[in-house]
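Q: coords27.txt (compact mmCIF, C-alpha atoms) pasted underneath:
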# COMPACT_ATOMS: atom_id res chain seq x y z
CA MET A 65 24.75 -6.15 11.87
CA ALA A 66 25.03 -2.83 10.10
CA SER A 67 22.78 -1.80 7.28
CA PRO A 68 24.12 -0.46 3.97
CA ASN A 69 24.22 2.98 5.45
CA GLY A 70 26.09 1.85 8.51
CA ARG A 71 23.05 1.86 10.73
CA THR A 72 22.28 -1.08 12.99
CA GLY A 73 19.56 -3.22 11.45
CA THR A 74 16.18 -3.51 13.09
CA GLN A 75 16.97 -7.15 13.80
CA ASP A 76 19.42 -5.99 16.49
CA MET A 77 16.99 -3.56 18.13
CA PRO A 78 13.64 -4.32 19.79
CA ALA A 79 10.71 -3.10 17.69
CA TRP A 80 9.36 -0.96 20.50
CA ARG A 81 12.68 0.86 20.81
CA THR A 82 12.92 1.43 17.07
CA ALA A 83 9.50 3.09 17.13
CA ALA A 84 9.87 4.88 20.45
CA THR A 85 13.25 6.56 19.91
CA PRO A 86 12.14 9.02 17.17
CA ILE A 87 8.97 9.83 19.14
CA LEU A 88 11.03 10.48 22.26
CA PHE A 89 13.38 12.94 20.57
CA ALA A 90 10.93 14.55 18.14
CA VAL A 91 7.89 14.81 20.43
CA ALA A 92 8.36 14.04 24.12
CA LEU A 93 11.67 15.77 24.84
CA PRO A 94 10.93 19.01 22.95
CA LEU A 95 7.57 19.26 24.74
CA ALA A 96 9.19 18.59 28.10
CA VAL A 97 11.90 21.18 27.47
CA PHE A 98 9.34 23.81 26.42
CA TYR A 99 6.99 23.38 29.36
CA VAL A 100 9.78 23.01 31.94
CA LEU A 101 11.40 26.21 30.69
CA ARG A 102 8.05 28.01 30.74
CA SER A 103 7.46 26.84 34.32
CA GLN A 104 10.78 28.50 35.22
CA GLY A 105 9.66 31.82 33.76
CA ILE A 106 11.60 31.55 30.48
CA SER A 107 9.96 33.52 27.67
CA GLN A 108 7.82 31.76 25.08
CA TRP A 109 10.25 32.69 22.31
CA LEU A 110 13.35 31.32 24.06
CA ALA A 111 11.56 28.19 25.28
CA LEU A 112 10.37 27.44 21.76
CA THR A 113 13.83 28.08 20.32
CA LEU A 114 15.61 25.79 22.80
CA SER A 115 13.02 23.03 22.58
CA GLY A 116 13.21 23.12 18.80
CA ALA A 117 16.96 22.46 18.96
CA VAL A 118 16.48 19.02 20.54
CA PRO A 119 15.70 17.07 17.30
CA ALA A 120 18.50 18.85 15.44
CA VAL A 121 21.07 18.04 18.13
CA ARG A 122 19.99 14.41 18.27
CA MET A 123 20.18 14.00 14.50
CA ALA A 124 23.56 15.75 14.32
CA VAL A 125 24.99 13.49 17.04
CA GLU A 126 23.70 10.38 15.29
CA VAL A 127 25.21 11.45 11.97
CA ALA A 128 28.53 12.34 13.62
CA THR A 129 28.64 8.95 15.34
CA ARG A 130 27.91 7.13 12.10
CA ARG A 131 30.25 9.45 10.16
CA ARG A 132 27.90 9.35 7.22
CA VAL A 133 24.91 11.47 6.32
CA HIS A 134 22.06 10.55 4.01
CA SER A 135 20.23 12.99 1.82
CA PHE A 136 17.01 13.14 3.85
CA GLU A 137 18.95 13.53 7.09
CA ALA A 138 21.01 16.36 5.59
CA PHE A 139 17.83 18.02 4.39
CA MET A 140 16.14 17.79 7.79
CA ILE A 141 19.23 19.01 9.64
CA GLY A 142 19.35 21.96 7.27
CA MET A 143 15.66 22.73 7.81
CA LEU A 144 16.02 22.50 11.59
CA ALA A 145 19.06 24.78 11.43
CA VAL A 146 17.09 27.29 9.36
CA ARG A 147 14.28 27.08 11.90
CA ILE A 148 16.67 27.89 14.77
CA VAL A 149 18.37 30.74 12.91
CA THR A 150 15.11 32.35 11.80
CA SER A 151 13.68 32.06 15.32
CA LEU A 152 16.70 33.99 16.59
CA LEU A 153 16.10 36.68 14.00
CA THR A 154 12.35 37.13 14.39
CA GLY A 155 11.85 37.10 18.17
CA SER A 156 8.19 36.18 17.69
CA PRO A 157 6.86 32.94 19.22
CA ARG A 158 3.94 32.93 16.77
CA VAL A 159 6.33 33.06 13.79
CA ILE A 160 8.34 30.18 15.29
CA LEU A 161 5.21 28.06 15.57
CA VAL A 162 4.25 28.74 11.96
CA LYS A 163 7.77 27.90 10.82
CA ASP A 164 7.60 24.64 12.81
CA ALA A 165 4.51 23.71 10.81
CA GLY A 166 6.39 24.66 7.66
CA LEU A 167 8.94 21.93 8.35
CA ALA A 168 6.21 19.38 7.64
CA ALA A 169 5.53 21.02 4.28
CA ALA A 170 9.23 20.94 3.45
CA ALA A 171 9.38 17.25 4.37
CA GLY A 172 6.27 16.53 2.31
CA LEU A 173 7.68 18.27 -0.75
CA TRP A 174 10.96 16.42 -0.27
CA ILE A 175 9.12 13.08 -0.12
CA LEU A 176 6.99 13.85 -3.19
CA GLY A 177 10.04 15.19 -4.99
CA SER A 178 11.69 11.80 -4.61
CA LEU A 179 9.18 10.54 -7.20
CA LEU A 180 11.18 12.48 -9.77
CA VAL A 181 14.42 10.62 -9.04
CA ALA A 182 15.43 7.00 -9.61
CA LYS A 183 13.80 5.54 -6.49
CA PRO A 184 11.02 7.05 -4.34
CA PHE A 185 11.21 7.78 -0.65
CA ALA A 186 9.34 4.62 0.43
CA PHE A 187 12.00 2.46 -1.23
CA GLN A 188 14.78 4.47 0.41
CA VAL A 189 13.17 4.05 3.83
CA GLY A 190 13.04 0.30 3.35
CA GLN A 191 16.71 0.23 2.38
CA TYR A 192 17.65 2.40 5.35
CA TRP A 193 16.63 -0.29 7.85
CA GLN A 194 17.82 -3.39 5.99
CA VAL A 195 20.96 -5.43 6.50
CA PRO A 196 23.26 -5.62 3.43
CA THR A 197 21.95 -8.95 2.07
CA ALA A 198 18.32 -7.88 2.34
CA ALA A 199 19.12 -4.48 0.82
CA ARG A 200 20.70 -6.14 -2.22
CA THR A 201 17.67 -8.40 -2.59
CA ARG A 202 15.31 -5.42 -2.50
CA GLU A 203 17.50 -3.57 -5.01
CA ALA A 204 17.24 -6.50 -7.42
CA ALA A 205 13.49 -6.75 -6.81
CA TRP A 206 13.06 -3.09 -7.69
CA GLY A 207 14.66 -3.66 -11.07
CA VAL A 208 12.42 -6.57 -12.12
CA SER A 209 9.08 -5.88 -10.43
CA PRO A 210 6.73 -3.19 -11.75
CA ALA A 211 4.33 -4.20 -8.96
CA LEU A 212 6.92 -3.35 -6.30
CA ARG A 213 7.62 -0.01 -7.95
CA ARG A 214 3.91 0.86 -8.12
CA GLY A 215 3.32 -0.08 -4.50
CA LEU A 216 6.21 1.95 -3.11
CA THR A 217 5.32 4.89 -5.35
CA ARG A 218 1.78 4.95 -3.95
CA LEU A 219 3.05 4.85 -0.39
CA THR A 220 5.45 7.69 -1.15
CA VAL A 221 2.50 9.78 -2.38
CA LEU A 222 0.55 8.90 0.78
CA TRP A 223 3.38 9.91 3.10
CA GLY A 224 4.15 13.11 1.24
CA CYS A 225 0.51 14.24 1.17
CA ALA A 226 0.16 13.41 4.87
CA GLN A 227 3.03 15.78 5.63
CA LEU A 228 1.39 18.56 3.61
CA LEU A 229 -1.86 17.98 5.50
CA ASP A 230 0.08 18.10 8.77
CA CYS A 231 1.52 21.46 7.70
CA GLY A 232 -1.86 22.96 6.83
CA ALA A 233 -3.40 21.89 10.13
CA GLY A 234 -0.31 23.05 12.02
CA VAL A 235 -0.42 26.54 10.51
CA PHE A 236 -4.12 26.81 11.37
CA VAL A 237 -3.44 25.83 15.00
CA ALA A 238 -0.38 28.09 15.26
CA LEU A 239 -2.25 31.18 14.04
CA LEU A 240 -5.53 30.80 15.92
CA LEU A 241 -4.81 29.15 19.27
CA PRO A 242 -2.94 30.40 22.36
CA VAL A 243 0.83 30.03 22.05
CA GLU A 244 1.07 27.98 25.26
CA ALA A 245 -1.28 25.32 23.90
CA VAL A 246 0.12 25.04 20.38
CA PRO A 247 3.20 22.81 21.01
CA ALA A 248 1.16 20.11 22.77
CA LEU A 249 -1.75 20.31 20.32
CA ASN A 250 0.49 20.18 17.27
CA ARG A 251 2.45 17.20 18.64
CA ALA A 252 -0.81 15.38 19.43
CA LYS A 253 -2.14 16.17 15.95
CA GLY A 254 1.10 14.98 14.37
CA LEU A 255 1.05 11.71 16.32
CA ALA A 256 -2.59 11.07 15.41
CA LEU A 257 -1.83 11.65 11.72
CA LEU A 258 1.27 9.47 11.96
CA CYS A 259 -0.74 6.63 13.51
CA ALA A 260 -3.33 6.91 10.73
CA VAL A 261 -0.63 6.79 8.04
CA VAL A 262 1.07 3.82 9.72
CA LEU A 263 -2.21 1.90 9.90
CA ILE A 264 -2.95 2.62 6.24
CA THR A 265 0.59 1.60 5.29
CA VAL A 266 0.43 -1.67 7.22
CA SER A 267 -3.02 -2.52 5.83
CA TYR A 268 -1.97 -1.69 2.28
CA SER A 269 1.28 -3.65 2.61
CA ARG A 270 -0.53 -6.76 3.87
CA ARG A 271 -3.15 -6.64 1.11
CA TYR A 272 -0.42 -6.00 -1.42
CA GLY A 273 1.63 -8.94 -0.18
CA ARG A 274 -1.35 -11.31 -0.42
CA ARG A 275 -2.16 -10.12 -3.92
CA HIS A 276 1.33 -10.10 -5.39
CA ALA A 277 3.20 -12.60 -3.18
CA LEU A 278 5.66 -9.76 -2.75
CA SER A 279 6.79 -7.90 0.36
CA LEU A 280 7.02 -4.12 0.12
CA PHE A 281 9.31 -3.75 3.13
CA GLY A 282 10.37 -7.27 4.10
CA SER A 283 13.93 -8.47 3.96
CA ALA A 284 13.25 -11.00 1.18
CA PRO A 285 10.76 -9.94 -1.52
CA LEU A 286 9.30 -13.05 -3.14
CA ILE A 287 10.52 -12.50 -6.69
CA THR A 288 10.38 -15.75 -8.61
CA ARG A 289 9.90 -14.45 -12.13
CA ARG A 290 10.07 -11.24 -14.11
CA GLU A 291 6.71 -9.49 -13.79
CA GLY A 292 4.95 -7.95 -16.72
I'd like the structure from this file rewritten - as structure tokens, please.
A:
Amino acid sequence: MASPNGRTGTQDMPAWRTAATPILFAVALPLAVFYVLRSQGISQWLALTLSGAVPAVRMAVEVATRRRVHSFEAFMIGMLAVRIVTSLLTGSPRVILVKDAGLAAAAGLWILGSLLVAKPFAFQVGQYWQVPTAARTREAAWGVSPALRRGLTRLTVLWGCAQLLDCGAGVFVALLLPVEAVPALNRAKGLALLCAVVLITVSYSRRYGRRHALSLFGSAPLITRREG
């Protein structure tokens, strides 16, 4: 069943595949492309440029297939396109690596900036994966539950700050370590940070659910009364 955005709901896809697909296209394939190209004698600059195109191509194909683009997807496609264009203009592998780290900062600012609009990023993520009935239930819950709004706002702050931390560490690695080692080290650092954020999110969501009898991301938030 399709979600409100036309995406297949997580109920129709195994959980391992839902988690593994972004990691495959954002981490594993770009790394493989870079190191395979380097093993064939391709320059660092060109290998980095081509490997960096993998996530952009995947996202563009997904959007074209769905025939609908969401704001965060459009933003990330634009950032990846800027990354490719600027890499073509600079010709410096070190500059490309720093700009790669800058994508995390852009994502972090985008996530934190969502706090200034009607609904924060954490709410939008939950809606993205829900089937229509569950999405409508969460929409109604948002309107009547200050507790739900506080919880998702806090998670949005966590995710945004984690991206800014990822950027700072990525710039440090890109400037000080050998170019050949940076792609693997930055991907490993990013995965470690992602795992930490996921664990914190899951722990917080469970404690929150026990305290408020309310699911932050589930398909049926337990709203039985208007909360004060």
Q: If you measure from CA of Arg274 (chain A) to CA of Trp206 (chain A), what distance in Å do you get, rounded to one decimal?
A: 18.1 Å
Q: Between CA of Val235 (chain A) and CA of Trp109 (chain A), what is the distance in Å, rounded to a tenth?
A: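 Atom-to-atom, CA of Val235 (chain A) to CA of Trp109 (chain A), that is 17.1 Å.
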Q: Counting only C-alpha atoms, which of A:Val246, A:Val266, A:Ala226, A:Leu219 gets nearest to Gly172 (chain A)?
A: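 Nearest candidate to Gly172 (chain A) out of A:Val246, A:Val266, A:Ala226, A:Leu219: A:Ala226.
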Q: State, in Å with one decimal place, the distance from CA of Ala238 (chain A) to CA of Arg158 (chain A).
A: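 According to the coordinates, CA of Ala238 (chain A) and CA of Arg158 (chain A) are separated by 6.7 Å.
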Q: Compare A:Leu263, A:Ala204, A:Ile160, A:Leu280 by their minimum atom-to-atom distance to Gly234 (chain A), counting only C-alpha atoms, and give me the closest one.
A: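 Nearest candidate to Gly234 (chain A) out of A:Leu263, A:Ala204, A:Ile160, A:Leu280: A:Ile160.
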Q: Find the residue from A:Cys259, A:Ala211, A:Ala128, A:Leu161 that sits nearest to Ser115 (chain A); use all atoms listed in the file when measuring.
A: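 Among A:Cys259, A:Ala211, A:Ala128, A:Leu161, it is A:Leu161 that comes nearest to Ser115 (chain A).
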Q: Which residues are near region 186-191 of chain A? Cut-off 6 Å, all atoms listed in the file, ignore same chain within fewer than 5 positions. Put them as a PDB file with C-alpha atoms, in the coordinates of the input.
A:
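As written to disk, part.pdb reads:
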ATOM      1  CA  ALA A 199      19.120  -4.480   0.820  1.00  0.00           C
ATOM      2  CA  LEU A 216       6.210   1.950  -3.110  1.00  0.00           C
ATOM      3  CA  THR A 220       5.450   7.690  -1.150  1.00  0.00           C
ATOM      4  CA  PHE A 281       9.310  -3.750   3.130  1.00  0.00           C
TER       5      PHE A 281
END
Q: Within 10 Å of Arg218 (chain A), counting all atoms listed in the file, which residues qualify if same-chain residues fewer than 6 places away don't, as a list in words?
A: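 The residues satisfying every condition are Leu179, Pro184, Ala186, Gly224, Thr265 and Tyr268 of chain A.
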